[in-house]
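Chemist: File follows, final_31.txt with compact mmCIF, C-alpha atoms:
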```txt
# COMPACT_ATOMS: atom_id res chain seq x y z
CA MET P 1 -5.14 -0.49 25.72
CA LYS P 2 -1.87 -2.18 24.96
CA HIS P 3 -1.60 -3.85 21.55
CA LYS P 4 -0.20 -7.33 21.15
CA THR P 5 1.50 -6.25 17.92
CA PHE P 6 2.79 -2.84 16.84
CA ASN P 7 1.33 -1.52 13.58
CA ILE P 8 2.34 1.48 11.46
CA ALA P 9 0.00 2.77 8.74
CA ILE P 10 1.37 4.94 5.92
CA ASP P 11 -1.13 6.60 3.60
CA GLY P 12 -0.73 9.19 0.89
CA PRO P 13 -1.21 10.00 -2.76
CA ALA P 14 0.37 8.25 -5.75
CA GLY P 15 4.07 8.97 -6.20
CA ALA P 16 4.70 10.10 -2.61
CA GLY P 17 7.29 7.33 -2.13
CA LYS P 18 5.24 5.31 0.36
CA SER P 19 6.54 1.88 -0.67
CA THR P 20 10.21 2.92 -0.68
CA ILE P 21 9.88 4.61 2.71
CA ALA P 22 7.82 1.77 4.23
CA LYS P 23 10.33 -0.89 3.11
CA LEU P 24 13.29 1.04 4.57
CA ALA P 25 11.52 1.76 7.86
CA ALA P 26 10.38 -1.87 8.14
CA ALA P 27 13.95 -3.10 7.63
CA LYS P 28 15.28 -0.77 10.35
CA LEU P 29 12.54 -1.82 12.79
CA SER P 30 12.61 -5.53 11.80
CA PHE P 31 8.89 -5.26 10.98
CA VAL P 32 7.05 -7.02 8.16
CA TYR P 33 6.32 -4.68 5.26
CA VAL P 34 2.84 -5.49 3.95
CA ASP P 35 2.71 -4.60 0.28
CA THR P 36 -1.05 -4.14 -0.23
CA GLY P 37 -0.55 -3.54 -3.96
CA ALA P 38 1.10 -6.97 -4.30
CA MET P 39 -1.91 -8.53 -2.55
CA TYR P 40 -4.27 -6.98 -5.12
CA ARG P 41 -2.02 -8.29 -7.88
CA ALA P 42 -2.12 -11.80 -6.42
CA ILE P 43 -5.95 -11.64 -6.43
CA ALA P 44 -5.76 -10.50 -10.06
CA LEU P 45 -3.52 -13.45 -10.97
CA TYR P 46 -5.97 -15.83 -9.27
CA PHE P 47 -8.81 -14.59 -11.49
CA LEU P 48 -6.69 -14.44 -14.67
CA ARG P 49 -5.76 -18.10 -14.13
CA SER P 50 -9.43 -18.93 -13.63
CA GLY P 51 -10.33 -17.22 -16.92
CA VAL P 52 -12.66 -14.76 -15.19
CA LYS P 53 -13.27 -11.49 -17.07
CA PRO P 54 -12.46 -8.26 -15.15
CA GLU P 55 -16.00 -6.94 -15.64
CA ALA P 56 -17.64 -10.10 -14.18
CA GLU P 57 -18.19 -8.56 -10.73
CA GLU P 58 -20.81 -11.10 -9.67
CA GLU P 59 -18.60 -14.10 -10.48
CA ILE P 60 -15.57 -12.43 -8.86
CA SER P 61 -17.61 -11.76 -5.69
CA ARG P 62 -18.79 -15.37 -5.63
CA ARG P 63 -15.33 -16.90 -6.06
CA ILE P 64 -13.19 -14.49 -4.04
CA ASP P 65 -13.08 -16.69 -0.93
CA GLY P 66 -11.01 -19.23 -2.88
CA ALA P 67 -8.04 -16.81 -2.97
CA GLY P 68 -5.85 -17.19 0.11
CA ILE P 69 -3.09 -14.57 0.07
CA THR P 70 -0.31 -13.92 2.54
CA ILE P 71 3.09 -12.25 2.64
CA ARG P 72 6.17 -13.91 4.05
CA TYR P 73 9.80 -12.85 4.33
CA GLU P 74 12.68 -15.19 3.59
CA ASP P 75 16.25 -13.86 3.90
CA GLY P 76 14.89 -10.31 3.76
CA THR P 77 13.01 -10.95 0.51
CA GLN P 78 9.26 -10.56 0.27
CA LYS P 79 7.35 -13.60 -0.94
CA VAL P 80 3.73 -13.22 -2.00
CA LEU P 81 1.86 -16.49 -1.58
CA LEU P 82 -1.35 -17.40 -3.41
CA ASN P 83 -2.93 -20.45 -1.80
CA GLY P 84 0.53 -21.48 -0.58
CA GLU P 85 2.29 -20.96 -3.94
CA ASP P 86 5.01 -18.32 -4.25
CA VAL P 87 3.78 -16.07 -7.08
CA SER P 88 6.14 -13.12 -6.43
CA GLY P 89 7.68 -13.39 -9.89
CA GLN P 90 4.38 -13.73 -11.71
CA ILE P 91 2.45 -10.72 -10.41
CA ARG P 92 4.53 -7.90 -11.91
CA THR P 93 3.28 -8.13 -15.51
CA GLU P 94 1.25 -5.42 -17.24
CA GLU P 95 -1.65 -7.86 -17.68
CA VAL P 96 -1.79 -8.58 -13.93
CA GLY P 97 -1.49 -4.86 -13.14
CA ASN P 98 -4.44 -3.99 -15.39
CA MET P 99 -6.55 -6.78 -13.89
CA ALA P 100 -5.65 -5.62 -10.35
CA SER P 101 -6.74 -2.09 -11.18
CA ALA P 102 -10.07 -3.40 -12.53
CA VAL P 103 -10.97 -5.76 -9.66
CA SER P 104 -9.74 -3.52 -6.81
CA VAL P 105 -12.87 -1.36 -7.08
CA TYR P 106 -15.22 -4.24 -6.19
CA PRO P 107 -16.42 -4.17 -2.55
CA ALA P 108 -16.15 -7.99 -2.24
CA VAL P 109 -12.46 -7.90 -3.25
CA ARG P 110 -11.70 -5.05 -0.83
CA ALA P 111 -13.58 -6.82 2.00
CA HIS P 112 -11.67 -10.08 1.38
CA LEU P 113 -8.30 -8.33 1.44
CA LEU P 114 -9.30 -6.27 4.46
CA LYS P 115 -9.77 -9.52 6.38
CA LEU P 116 -6.37 -10.87 5.24
CA GLN P 117 -4.56 -7.58 5.94
CA ARG P 118 -6.00 -7.26 9.44
CA SER P 119 -5.08 -10.87 10.13
CA LEU P 120 -1.43 -10.14 9.13
CA ALA P 121 -1.40 -7.04 11.36
CA ALA P 122 -2.76 -9.05 14.31
CA SER P 123 -0.07 -11.71 13.95
CA ALA P 124 3.07 -9.57 13.41
CA ASP P 125 4.55 -6.09 13.82
CA VAL P 126 3.80 -4.55 10.44
CA ILE P 127 4.18 -1.44 8.33
CA MET P 128 1.40 -1.19 5.76
CA ASP P 129 1.10 1.45 3.05
CA GLY P 130 -1.77 2.42 0.81
CA ARG P 131 -4.55 4.97 0.42
CA ASP P 132 -6.89 3.96 3.26
CA ILE P 133 -4.76 2.06 5.78
CA GLY P 134 -5.11 4.47 8.72
CA THR P 135 -8.74 5.32 7.95
CA CYS P 136 -10.19 1.91 6.98
CA ILE P 137 -7.82 -1.05 7.16
CA LEU P 138 -6.03 -0.39 10.47
CA PRO P 139 -7.97 2.39 12.22
CA ASP P 140 -6.31 1.37 15.53
CA ALA P 141 -2.73 1.44 14.18
CA ASP P 142 -0.20 2.58 16.80
CA VAL P 143 1.35 5.11 14.42
CA LYS P 144 -0.35 6.71 11.41
CA ILE P 145 1.57 8.69 8.82
CA PHE P 146 0.14 10.69 5.93
CA LEU P 147 3.02 11.00 3.47
CA THR P 148 2.66 13.52 0.69
CA ALA P 149 4.63 15.84 -1.59
CA SER P 150 3.60 18.52 -4.06
CA PRO P 151 2.40 17.29 -7.49
CA ALA P 152 5.40 19.05 -9.09
CA VAL P 153 7.88 17.18 -6.85
CA ARG P 154 6.13 13.84 -7.33
CA ALA P 155 6.07 14.39 -11.12
CA MET P 156 9.79 15.19 -11.18
CA ARG P 157 10.60 12.03 -9.18
CA ARG P 158 8.55 9.92 -11.59
CA TYR P 159 10.11 11.66 -14.60
CA ARG P 160 13.63 10.90 -13.33
CA GLU P 161 12.69 7.30 -12.56
CA LEU P 162 11.36 6.77 -16.11
CA THR P 163 14.17 8.58 -17.93
CA GLU P 164 16.75 6.55 -15.98
CA LYS P 165 15.09 3.46 -17.47
CA GLY P 166 15.41 5.00 -20.94
CA ILE P 167 11.69 5.73 -21.23
CA VAL P 168 10.84 8.91 -23.13
CA CYS P 169 8.22 10.91 -21.23
CA ASN P 170 6.78 14.39 -20.77
CA LEU P 171 7.09 16.05 -17.37
CA GLN P 172 3.94 18.19 -17.76
CA GLU P 173 1.87 15.15 -18.78
CA ILE P 174 3.13 13.21 -15.75
CA GLU P 175 2.19 16.09 -13.43
CA GLN P 176 -1.27 16.36 -15.02
CA ASP P 177 -1.77 12.58 -14.60
CA ILE P 178 -0.80 12.85 -10.91
CA ILE P 179 -3.25 15.73 -10.31
CA GLU P 180 -6.05 13.76 -12.01
CA ARG P 181 -5.24 10.59 -10.06
CA ASP P 182 -5.25 12.53 -6.77
CA ALA P 183 -8.72 13.85 -7.61
CA ARG P 184 -9.97 10.32 -8.45
CA ASP P 185 -8.47 8.82 -5.29
CA MET P 186 -9.87 11.55 -3.04
CA ASN P 187 -13.34 11.53 -4.55
CA ARG P 188 -13.95 7.80 -5.03
CA GLU P 189 -16.92 6.27 -3.26
CA THR P 190 -15.14 3.34 -1.61
CA ALA P 191 -12.35 4.16 0.88
CA PRO P 192 -11.31 7.57 -0.49
CA LEU P 193 -7.82 8.94 0.11
CA LYS P 194 -7.83 11.22 3.15
CA GLN P 195 -5.62 11.96 6.13
CA ALA P 196 -6.76 10.22 9.33
CA GLU P 197 -7.45 12.72 12.11
CA ASP P 198 -4.69 11.24 14.29
CA ALA P 199 -2.11 10.86 11.50
CA LEU P 200 1.21 12.69 11.43
CA LEU P 201 1.46 14.73 8.21
CA LEU P 202 4.85 14.39 6.50
CA ASP P 203 5.39 16.55 3.41
CA SER P 204 8.48 15.08 1.81
CA SER P 205 8.81 17.79 -0.88
CA GLY P 206 11.93 19.23 0.75
CA MET P 207 13.07 16.11 2.63
CA THR P 208 15.51 13.35 1.75
CA VAL P 209 14.41 9.71 1.96
CA SER P 210 16.56 9.27 5.10
CA GLN P 211 14.90 12.25 6.79
CA VAL P 212 11.43 10.82 6.11
CA VAL P 213 12.44 7.37 7.42
CA ASP P 214 13.96 8.99 10.54
CA ALA P 215 10.73 10.92 11.19
CA ILE P 216 8.75 7.67 11.06
CA LEU P 217 11.20 5.88 13.37
CA LYS P 218 10.96 8.79 15.83
CA ALA P 219 7.14 8.62 15.75
CA ALA P 220 7.34 4.88 16.49
CA ARG P 221 9.81 5.42 19.37
CA ASP P 222 7.66 8.20 20.85
CA ARG P 223 4.54 6.03 20.64
CA ARG P 224 6.29 3.09 22.29
CA ALA P 225 7.47 5.36 25.10
CA GLU P 226 3.89 6.56 25.60
CA THR P 227 2.42 3.06 25.72
CA GLY P 228 5.24 1.97 28.03
CA GLU P 229 4.29 4.74 30.44
CA ASP P 230 0.59 3.86 30.14
CA ALA P 231 1.37 0.23 30.84
CA GLY P 232 3.59 1.03 33.74
```
Go ahead and render the structure in this file as structure tokens.
Modeler:
Amino acid sequence: MKHKTFNIAIDGPAGAGKSTIAKLAAAKLSFVYVDTGAMYRAIALYFLRSGVKPEAEEEISRRIDGAGITIRYEDGTQKVLLNGEDVSGQIRTEEVGNMASAVSVYPAVRAHLLKLQRSLAASADVIMDGRDIGTCILPDADVKIFLTASPAVRAMRRYRELTEKGIVCNLQEIEQDIIERDARDMNRETAPLKQAEDALLLDSSGMTVSQVVDAILKAARDRRAETGEDAG
């Protein structure tokens, strides 16, 4: 079956570089990069503004339909819209991040965003990254990538990122946190982290960012050639 839009799903554990890679690949392909994390943050902002407590699951479930979230690109810059308002600059605070982490576990929140994310994928060529894109959100994606790297490599990347910002941190603690987060993500009840059966496994431990992006572009080209042959 030929898809109206072309969708690429990138899954993988925390610290694998999914967002960086997805943004670069999207720019090269002129696709829309769907930042699912930003969508959760916009939901969090919606509830913070409404004065809803993070533990009030029932109230959150009841009011979730009032949060309309979409992603738009203007001059190559991502805009996150909450009910038509550009909230891109307001969703990056620690408070919003903590609220997003709390509400993202609720089935009603995940179901609401699932609807919005699938709607974006049906209306544009997209690259979407997360933990359960190829398995749950876009099971029919044209290309599925499972991007990973060893915990030691991911910890070192994070360590460098933090020290460059002048933040004092401990490499062993970062690696331990990553190992624990992997275990949580893989064993959670709702949409656990796992590689889709038809996903291409990319271990970026020994690869440069450019090499990873090139591998994704090649997978997209190969898939397009296949569907072109099928269609013809």
Chemist: Measuring between only C-alpha atoms, which one of P:Thr135, P:Thr70, P:Ser88, P:Ser50 shows the shortest distance to Gln117 (chain P)?
Modeler: P:Thr70
Chemist: Between CA of Leu113 (chain P) and CA of Ala38 (chain P), what distance in Å does the model show, to one decimal?
Modeler: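 Taking CA of Leu113 (chain P) as the start and CA of Ala38 (chain P) as the end point, the length is 11.1 Å.
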Chemist: Which one of P:Val209, P:Val143, P:Ile179, P:Leu45 sits closest to Glu197 (chain P) if you count only C-alpha atoms?
Modeler: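 That would be P:Val143, the residue with the smallest distance to Glu197 (chain P).
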Chemist: May I have the residues within 6 Å of Asp129 (chain P) as number ranges by chain, using only C-alpha atoms and disregarding those fewer than 3 positions away in the same chain?
Modeler: P: 9-11
Chemist: Nearest to Asp198 (chain P): which of P:Lys23, P:Lys144, P:Lys4, P:Arg41 is it, counting all atoms listed in the file?
Modeler: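 Under the stated criterion, the closest residue is P:Lys144.
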Chemist: My list of candidates is P:Leu193, P:Val32, P:Leu48, P:Leu120. Which is closest to Pro13 (chain P) when distances are computed with all atoms listed in the file?
Modeler: P:Leu193
Chemist: Which value, in Å to one decimal, gives the distance between CA of Asn98 (chain P) and CA of Ser205 (chain P)?
Modeler: 29.3 Å
Chemist: Any idea what the distance is between CA of Gln90 (chain P) and CA of Glu161 (chain P)?
Modeler: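 Between CA of Gln90 (chain P) and CA of Glu161 (chain P) the gap is 22.6 Å.
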